[in-house]
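Student: entry_39.csv is reproduced in full below (CSV, N, CA and C atoms).
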```csv
chain,number,residue,atom,x,y,z
A,1,MET,N,60.5,124.0,93.4
A,1,MET,CA,61.6,123.9,94.3
A,1,MET,C,61.0,123.6,95.7
A,2,PRO,N,61.5,122.6,96.4
A,2,PRO,CA,60.9,122.3,97.7
A,2,PRO,C,61.0,123.5,98.7
A,3,ALA,N,60.0,123.5,99.6
A,3,ALA,CA,59.9,124.7,100.5
A,3,ALA,C,61.2,124.8,101.4
A,4,THR,N,61.9,123.7,101.6
A,4,THR,CA,63.1,123.8,102.5
A,4,THR,C,64.3,124.2,101.7
A,5,ALA,N,64.3,124.1,100.4
A,5,ALA,CA,65.5,124.5,99.6
A,5,ALA,C,65.7,126.0,99.6
A,6,GLN,N,66.9,126.4,99.6
A,6,GLN,CA,67.2,127.8,99.6
A,6,GLN,C,67.7,128.2,98.2
A,7,PRO,N,67.1,129.3,97.6
A,7,PRO,CA,67.6,129.7,96.3
A,7,PRO,C,69.0,130.2,96.4
A,8,LYS,N,69.7,130.1,95.4
A,8,LYS,CA,71.1,130.5,95.4
A,8,LYS,C,71.1,132.1,95.4
A,9,ARG,N,72.1,132.6,96.2
A,9,ARG,CA,72.2,134.0,96.3
A,9,ARG,C,73.0,134.5,95.1
A,10,ARG,N,72.5,135.4,94.4
A,10,ARG,CA,73.2,135.9,93.1
A,10,ARG,C,73.9,137.2,93.5
A,11,THR,N,75.1,137.3,93.1
A,11,THR,CA,75.9,138.5,93.4
A,11,THR,C,76.4,139.2,92.1
A,12,ASP,N,76.3,138.6,90.9
A,12,ASP,CA,76.8,139.3,89.8
A,12,ASP,C,75.7,140.3,89.4
A,13,PRO,N,76.1,141.4,88.7
A,13,PRO,CA,75.2,142.6,88.5
A,13,PRO,C,74.0,142.2,87.6
A,14,ALA,N,74.1,141.3,86.7
A,14,ALA,CA,73.0,140.9,85.9
A,14,ALA,C,72.0,140.1,86.7
A,15,ALA,N,72.4,139.3,87.6
A,15,ALA,CA,71.5,138.5,88.5
A,15,ALA,C,70.8,139.5,89.5
A,16,VAL,N,71.6,140.4,90.0
A,16,VAL,CA,71.0,141.4,91.0
A,16,VAL,C,69.9,142.2,90.2
A,17,SER,N,70.2,142.6,89.0
A,17,SER,CA,69.3,143.4,88.2
A,17,SER,C,68.0,142.6,87.9
A,18,LYS,N,68.2,141.3,87.6
A,18,LYS,CA,67.0,140.4,87.4
A,18,LYS,C,66.2,140.2,88.7
A,19,ARG,N,66.9,140.1,89.8
A,19,ARG,CA,66.2,139.9,91.1
A,19,ARG,C,65.4,141.2,91.4
A,20,ASP,N,66.0,142.3,91.1
A,20,ASP,CA,65.3,143.6,91.4
A,20,ASP,C,64.1,143.7,90.4
A,21,ALA,N,64.3,143.3,89.2
A,21,ALA,CA,63.1,143.4,88.2
A,21,ALA,C,62.0,142.5,88.7
A,22,ILE,N,62.3,141.3,89.2
A,22,ILE,CA,61.3,140.4,89.7
A,22,ILE,C,60.6,141.0,91.0
A,23,LEU,N,61.4,141.6,91.9
A,23,LEU,CA,60.8,142.3,93.0
A,23,LEU,C,59.9,143.4,92.6
A,24,ARG,N,60.3,144.2,91.6
A,24,ARG,CA,59.5,145.4,91.2
A,24,ARG,C,58.2,144.8,90.5
A,25,ALA,N,58.3,143.8,89.8
A,25,ALA,CA,57.1,143.2,89.1
A,25,ALA,C,56.2,142.7,90.2
A,26,ALA,N,56.7,142.1,91.3
A,26,ALA,CA,55.9,141.5,92.3
A,26,ALA,C,55.2,142.7,93.0
A,27,ILE,N,55.8,143.8,93.2
A,27,ILE,CA,55.1,145.0,93.8
A,27,ILE,C,54.0,145.4,93.0
A,28,ASP,N,54.2,145.5,91.7
A,28,ASP,CA,53.2,145.9,90.7
A,28,ASP,C,52.0,144.9,90.7
A,29,VAL,N,52.3,143.7,90.6
A,29,VAL,CA,51.3,142.6,90.5
A,29,VAL,C,50.5,142.5,91.8
A,30,PHE,N,51.2,142.5,93.0
A,30,PHE,CA,50.5,142.4,94.2
A,30,PHE,C,49.6,143.6,94.5
A,31,ALA,N,50.1,144.8,94.1
A,31,ALA,CA,49.3,146.0,94.3
A,31,ALA,C,48.1,146.0,93.4
A,32,GLY,N,48.3,145.5,92.2
A,32,GLY,CA,47.2,145.6,91.2
A,32,GLY,C,46.2,144.5,91.3
A,33,ARG,N,46.6,143.3,91.6
A,33,ARG,CA,45.7,142.1,91.7
A,33,ARG,C,45.4,141.7,93.1
A,34,GLY,N,46.2,142.2,94.1
A,34,GLY,CA,46.1,141.7,95.4
A,34,GLY,C,47.0,140.4,95.6
A,35,TYR,N,47.6,140.3,96.7
A,35,TYR,CA,48.6,139.2,96.9
A,35,TYR,C,47.9,137.9,96.8
A,36,PHE,N,46.7,137.7,97.3
A,36,PHE,CA,46.1,136.4,97.3
A,36,PHE,C,45.6,136.0,95.9
A,37,ASN,N,45.3,137.0,95.1
A,37,ASN,CA,44.8,136.7,93.7
A,37,ASN,C,46.0,136.6,92.7
A,38,ALA,N,47.1,137.0,93.1
A,38,ALA,CA,48.3,137.0,92.2
A,38,ALA,C,48.9,135.6,92.2
A,39,GLN,N,49.6,135.3,91.1
A,39,GLN,CA,50.3,134.0,91.0
A,39,GLN,C,51.8,134.3,90.6
A,40,VAL,N,52.6,133.4,91.0
A,40,VAL,CA,54.1,133.6,90.6
A,40,VAL,C,54.2,133.8,89.1
A,41,ALA,N,53.4,133.1,88.3
A,41,ALA,CA,53.4,133.2,86.9
A,41,ALA,C,53.1,134.7,86.4
A,42,ASP,N,52.2,135.3,87.2
A,42,ASP,CA,51.8,136.7,86.9
A,42,ASP,C,53.1,137.6,87.1
A,43,VAL,N,53.8,137.4,88.2
A,43,VAL,CA,55.0,138.1,88.5
A,43,VAL,C,56.0,137.9,87.4
A,44,ALA,N,56.2,136.6,87.1
A,44,ALA,CA,57.2,136.3,86.0
A,44,ALA,C,56.9,137.0,84.7
A,45,ARG,N,55.6,136.9,84.3
A,45,ARG,CA,55.2,137.6,83.1
A,45,ARG,C,55.5,139.1,83.1
A,46,SER,N,55.1,139.7,84.2
A,46,SER,CA,55.3,141.1,84.4
A,46,SER,C,56.8,141.5,84.4
A,47,ALA,N,57.7,140.6,84.9
A,47,ALA,CA,59.1,140.8,84.9
A,47,ALA,C,59.8,140.5,83.6
A,48,GLY,N,59.1,139.8,82.7
A,48,GLY,CA,59.6,139.4,81.4
A,48,GLY,C,60.6,138.2,81.6
A,49,VAL,N,60.3,137.3,82.5
A,49,VAL,CA,61.1,136.1,82.7
A,49,VAL,C,60.2,134.9,82.7
A,50,ALA,N,60.8,133.7,82.6
A,50,ALA,CA,60.0,132.5,82.7
A,50,ALA,C,59.6,132.3,84.2
A,51,ALA,N,58.5,131.6,84.5
A,51,ALA,CA,58.1,131.4,85.8
A,51,ALA,C,59.1,130.6,86.6
A,52,GLY,N,59.8,129.7,86.1
A,52,GLY,CA,60.8,129.0,86.8
A,52,GLY,C,62.0,129.9,87.2
A,53,THR,N,62.2,130.9,86.5
A,53,THR,CA,63.3,131.9,86.8
A,53,THR,C,63.1,132.5,88.2
A,54,VAL,N,61.8,132.8,88.5
A,54,VAL,CA,61.5,133.4,89.7
A,54,VAL,C,62.0,132.5,90.9
A,55,TYR,N,61.8,131.2,90.7
A,55,TYR,CA,62.2,130.3,91.8
A,55,TYR,C,63.8,130.1,91.9
A,56,LEU,N,64.5,130.7,91.0
A,56,LEU,CA,66.0,130.7,91.1
A,56,LEU,C,66.4,131.8,92.2
A,57,TYR,N,65.5,132.7,92.4
A,57,TYR,CA,65.8,133.8,93.3
A,57,TYR,C,64.9,133.8,94.6
A,58,PHE,N,63.7,133.2,94.5
A,58,PHE,CA,62.8,133.2,95.6
A,58,PHE,C,62.2,131.8,95.8
A,59,ARG,N,62.0,131.4,97.0
A,59,ARG,CA,61.4,130.1,97.3
A,59,ARG,C,60.0,130.0,97.0
A,60,SER,N,59.2,131.1,97.1
A,60,SER,CA,57.8,131.1,97.0
A,60,SER,C,57.2,132.5,96.8
A,61,LYS,N,55.9,132.5,96.6
A,61,LYS,CA,55.2,133.8,96.6
A,61,LYS,C,55.4,134.5,98.0
A,62,ASP,N,55.3,133.8,99.0
A,62,ASP,CA,55.5,134.3,100.4
A,62,ASP,C,56.9,135.0,100.5
A,63,ASP,N,57.9,134.3,100.0
A,63,ASP,CA,59.3,134.8,100.0
A,63,ASP,C,59.4,136.1,99.2
A,64,LEU,N,58.7,136.2,98.1
A,64,LEU,CA,58.7,137.4,97.4
A,64,LEU,C,58.1,138.6,98.2
A,65,LEU,N,57.0,138.3,98.9
A,65,LEU,CA,56.4,139.4,99.7
A,65,LEU,C,57.3,139.8,100.8
A,66,VAL,N,57.9,138.8,101.5
A,66,VAL,CA,58.8,139.2,102.6
A,66,VAL,C,60.1,139.9,102.1
A,67,SER,N,60.6,139.5,100.9
A,67,SER,CA,61.7,140.1,100.3
A,67,SER,C,61.5,141.5,99.9
A,68,ILE,N,60.3,141.8,99.5
A,68,ILE,CA,59.9,143.2,99.2
A,68,ILE,C,60.0,144.1,100.5
A,69,PHE,N,59.5,143.5,101.6
A,69,PHE,CA,59.6,144.2,102.8
A,69,PHE,C,61.0,144.4,103.3
A,70,GLU,N,61.8,143.3,103.3
A,70,GLU,CA,63.2,143.4,103.8
A,70,GLU,C,64.0,144.3,103.0
A,71,ARG,N,63.9,144.3,101.6
A,71,ARG,CA,64.7,145.2,100.8
A,71,ARG,C,64.3,146.6,101.1
A,72,THR,N,63.0,146.9,101.1
A,72,THR,CA,62.5,148.3,101.3
A,72,THR,C,63.0,148.8,102.7
A,73,VAL,N,62.9,148.0,103.7
A,73,VAL,CA,63.3,148.4,105.1
A,73,VAL,C,64.8,148.6,105.1
A,74,ARG,N,65.6,147.7,104.5
A,74,ARG,CA,67.0,147.9,104.5
A,74,ARG,C,67.4,149.2,103.8
A,75,GLU,N,66.8,149.5,102.6
A,75,GLU,CA,67.1,150.7,101.9
A,75,GLU,C,66.7,151.9,102.7
A,76,THR,N,65.5,151.9,103.3
A,76,THR,CA,65.0,153.0,104.0
A,76,THR,C,65.9,153.3,105.3
A,77,LEU,N,66.3,152.2,106.0
A,77,LEU,CA,67.2,152.4,107.1
A,77,LEU,C,68.5,153.0,106.7
A,78,ALA,N,69.1,152.6,105.6
A,78,ALA,CA,70.3,153.1,105.1
A,78,ALA,C,70.2,154.6,104.8
A,79,GLU,N,69.1,155.0,104.1
A,79,GLU,CA,68.9,156.4,103.8
A,79,GLU,C,68.6,157.2,105.1
A,80,GLY,N,67.9,156.5,106.1
A,80,GLY,CA,67.5,157.2,107.3
A,80,GLY,C,68.8,157.5,108.2
A,81,ARG,N,69.7,156.5,108.2
A,81,ARG,CA,70.9,156.8,109.0
A,81,ARG,C,71.7,158.0,108.4
A,82,THR,N,71.7,158.1,107.1
A,82,THR,CA,72.4,159.2,106.5
A,82,THR,C,71.6,160.5,106.8
A,83,ALA,N,70.3,160.5,106.7
A,83,ALA,CA,69.5,161.7,106.9
A,83,ALA,C,69.6,162.2,108.4
A,84,VAL,N,69.8,161.3,109.3
A,84,VAL,CA,69.8,161.8,110.7
A,84,VAL,C,71.2,161.8,111.3
A,85,SER,N,72.2,161.5,110.5
A,85,SER,CA,73.6,161.4,111.1
A,85,SER,C,74.1,162.7,111.7
A,86,ASP,N,73.6,163.9,111.3
A,86,ASP,CA,74.0,165.1,111.8
A,86,ASP,C,73.0,165.7,112.8
A,87,VAL,N,72.0,165.0,113.2
A,87,VAL,CA,71.0,165.5,114.1
A,87,VAL,C,71.1,164.8,115.5
A,88,ALA,N,71.2,165.6,116.5
A,88,ALA,CA,71.4,165.1,117.9
A,88,ALA,C,70.0,164.9,118.6
A,89,ASP,N,69.1,165.8,118.3
A,89,ASP,CA,67.8,165.7,119.0
A,89,ASP,C,67.0,164.5,118.6
A,90,PRO,N,66.6,163.6,119.5
A,90,PRO,CA,65.9,162.4,119.2
A,90,PRO,C,64.6,162.7,118.5
A,91,ALA,N,63.8,163.7,118.9
A,91,ALA,CA,62.5,164.0,118.3
A,91,ALA,C,62.7,164.4,116.9
A,92,GLU,N,63.7,165.2,116.6
A,92,GLU,CA,64.0,165.6,115.2
A,92,GLU,C,64.5,164.4,114.4
A,93,ARG,N,65.3,163.6,115.0
A,93,ARG,CA,65.7,162.4,114.2
A,93,ARG,C,64.5,161.5,113.8
A,94,LEU,N,63.5,161.4,114.8
A,94,LEU,CA,62.3,160.6,114.5
A,94,LEU,C,61.5,161.3,113.4
A,95,ARG,N,61.4,162.6,113.5
A,95,ARG,CA,60.6,163.4,112.4
A,95,ARG,C,61.2,163.2,111.1
A,96,ARG,N,62.5,163.3,111.0
A,96,ARG,CA,63.2,163.1,109.7
A,96,ARG,C,63.0,161.7,109.1
A,97,PHE,N,63.1,160.7,110.0
A,97,PHE,CA,63.0,159.4,109.5
A,97,PHE,C,61.5,159.1,109.1
A,98,ALA,N,60.6,159.7,109.8
A,98,ALA,CA,59.2,159.5,109.4
A,98,ALA,C,58.9,160.2,108.1
A,99,ARG,N,59.5,161.4,107.9
A,99,ARG,CA,59.3,162.1,106.6
A,99,ARG,C,59.9,161.3,105.5
A,100,LEU,N,61.0,160.7,105.7
A,100,LEU,CA,61.7,159.9,104.7
A,100,LEU,C,60.8,158.7,104.4
A,101,HIS,N,60.3,158.0,105.4
A,101,HIS,CA,59.5,156.8,105.1
A,101,HIS,C,58.2,157.2,104.4
A,102,LEU,N,57.5,158.2,104.9
A,102,LEU,CA,56.3,158.6,104.2
A,102,LEU,C,56.5,159.1,102.8
A,103,GLY,N,57.7,159.8,102.6
A,103,GLY,CA,58.0,160.3,101.3
A,103,GLY,C,58.3,159.1,100.3
A,104,MET,N,58.9,158.1,100.8
A,104,MET,CA,59.2,156.9,100.0
A,104,MET,C,57.9,156.3,99.5
A,105,LEU,N,57.0,156.1,100.5
A,105,LEU,CA,55.7,155.5,100.1
A,105,LEU,C,54.8,156.4,99.3
A,106,GLY,N,55.0,157.8,99.5
A,106,GLY,CA,54.3,158.7,98.7
A,106,GLY,C,54.7,158.7,97.2
A,107,ARG,N,56.0,158.4,97.0
A,107,ARG,CA,56.5,158.4,95.6
A,107,ARG,C,56.2,157.1,94.9
A,108,ASP,N,55.8,156.1,95.6
A,108,ASP,CA,55.6,154.8,95.0
A,108,ASP,C,54.3,154.2,95.5
A,109,ARG,N,53.2,154.6,94.9
A,109,ARG,CA,51.8,154.2,95.3
A,109,ARG,C,51.7,152.7,95.5
A,110,ARG,N,52.2,152.0,94.5
A,110,ARG,CA,52.0,150.5,94.5
A,110,ARG,C,52.8,149.9,95.7
A,111,LEU,N,54.0,150.4,96.0
A,111,LEU,CA,54.7,149.9,97.1
A,111,LEU,C,53.9,150.2,98.4
A,112,ALA,N,53.3,151.4,98.5
A,112,ALA,CA,52.5,151.8,99.6
A,112,ALA,C,51.3,150.8,99.8
A,113,VAL,N,50.7,150.4,98.7
A,113,VAL,CA,49.6,149.4,98.8
A,113,VAL,C,50.1,148.1,99.3
A,114,VAL,N,51.3,147.6,98.8
A,114,VAL,CA,51.8,146.4,99.3
A,114,VAL,C,52.1,146.5,100.8
A,115,PHE,N,52.7,147.6,101.2
A,115,PHE,CA,53.1,147.8,102.6
A,115,PHE,C,51.8,147.9,103.5
A,116,GLN,N,50.9,148.7,103.1
A,116,GLN,CA,49.8,149.1,104.0
A,116,GLN,C,48.6,148.1,103.9
A,117,VAL,N,48.5,147.3,102.8
A,117,VAL,CA,47.3,146.4,102.7
A,117,VAL,C,47.8,145.0,102.6
A,118,GLU,N,48.6,144.7,101.6
A,118,GLU,CA,48.9,143.3,101.4
A,118,GLU,C,49.8,142.6,102.5
A,119,LEU,N,50.8,143.3,103.0
A,119,LEU,CA,51.6,142.7,104.1
A,119,LEU,C,50.7,142.4,105.3
A,120,ARG,N,49.8,143.3,105.6
A,120,ARG,CA,49.0,143.1,106.8
A,120,ARG,C,48.1,141.9,106.7
A,121,GLN,N,47.7,141.5,105.5
A,121,GLN,CA,46.8,140.4,105.3
A,121,GLN,C,47.6,139.0,105.2
A,122,SER,N,48.9,139.1,105.2
A,122,SER,CA,49.6,137.9,105.1
A,122,SER,C,49.9,137.3,106.5
A,123,VAL,N,49.3,136.2,106.8
A,123,VAL,CA,49.5,135.5,108.1
A,123,VAL,C,50.9,135.1,108.2
A,124,LYS,N,51.6,134.6,107.2
A,124,LYS,CA,52.9,134.1,107.3
A,124,LYS,C,53.9,135.3,107.6
A,125,PHE,N,53.6,136.4,107.0
A,125,PHE,CA,54.4,137.6,107.2
A,125,PHE,C,54.2,138.1,108.7
A,126,MET,N,53.0,138.1,109.1
A,126,MET,CA,52.7,138.6,110.5
A,126,MET,C,53.3,137.7,111.5
A,127,GLU,N,53.4,136.4,111.2
A,127,GLU,CA,54.0,135.5,112.2
A,127,GLU,C,55.5,135.8,112.3
```
Represent the supplied structure as structure tokens.
Tutor:
Amino acid sequence: MPATAQPKRRTDPAAVSKRDAILRAAIDVFAGRGYFNAQVADVARSAGVAAGTVYLYFRSKDDLLVSIFERTVRETLAEGRTAVSDVADPAERLRRFARLHLGMLGRDRRLAVVFQVELRQSVKFME
């Protein structure tokens, strides 16, 4: 798929589930092999889909990496808003949000590796 083409947004439950499976596989592959050593074919194999299927949901390996970040931040912010909704003190709100974030990374070592190591090494992500 050309770099300028946009993959179609999938909204049906099966497509969302497949997209999530691909993102989970990307987390596992990037954490295990390193982002630069991983190939889209590795992610597809880990997700149990054909390599071309990945491109139905993501433009590139870079798009996979950014999508992992965006999804995780979106989910964490939603949980964070709920966790701090009844707290008025700004310092306590920050502490709760920090505990939530660290807890999430503590429960998923591979996601933590992607966030703390692989994202920082991606020039495209940092731009």
Student: Between atom N of A:Asp89 and atom N of A:Val73, what is the distance in Å, rounded to a tenth?
Tutor: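 A separation of 23.8 Å between them.
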Student: Identify which of the residues A:Phe69, A:Arg19, A:Leu119, A:Ala78 lies closest to A:Gly48, counting only C-alpha atoms when measuring atom-to-atom distances.
Tutor: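 Distance minimum relative to A:Gly48 lands on A:Arg19.
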Student: Could you check which of A:Ile27, A:Ala38, A:Met104, A:Val117 is closest to A:Ile68, using only C-alpha atoms?
Tutor: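 For A:Ile68, the nearest of the given residues is A:Ile27.
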Student: What lies within 8 Å of A:Arg24 using only N, CA and C atoms, ignoring chain neighbours under 3 positions off, as a PyMOL selection string?
Tutor: chain A and resi 18-21+27-30+43+46-47+68
Student: What parts of chain A does DSSP call alpha helix (DSSP H)? I'd like the answer as a PyMOL selection string.
Tutor: chain A and resi 13-33+40-47+51-57+61-84+90-107+109-113+119-121+123-126
Student: How many Å lie between atom CA of A:Leu23 and atom CA of A:Ser67, rounded to one decimal?
Tutor: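 One can read the atom CA of A:Leu23 to atom CA of A:Ser67 distance as 7.7 Å.
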Student: Please indicate the distance in Å from atom CA of A:Ala31 to atom N of A:Val114, rounded to one decimal place.
Tutor: 5.2 Å
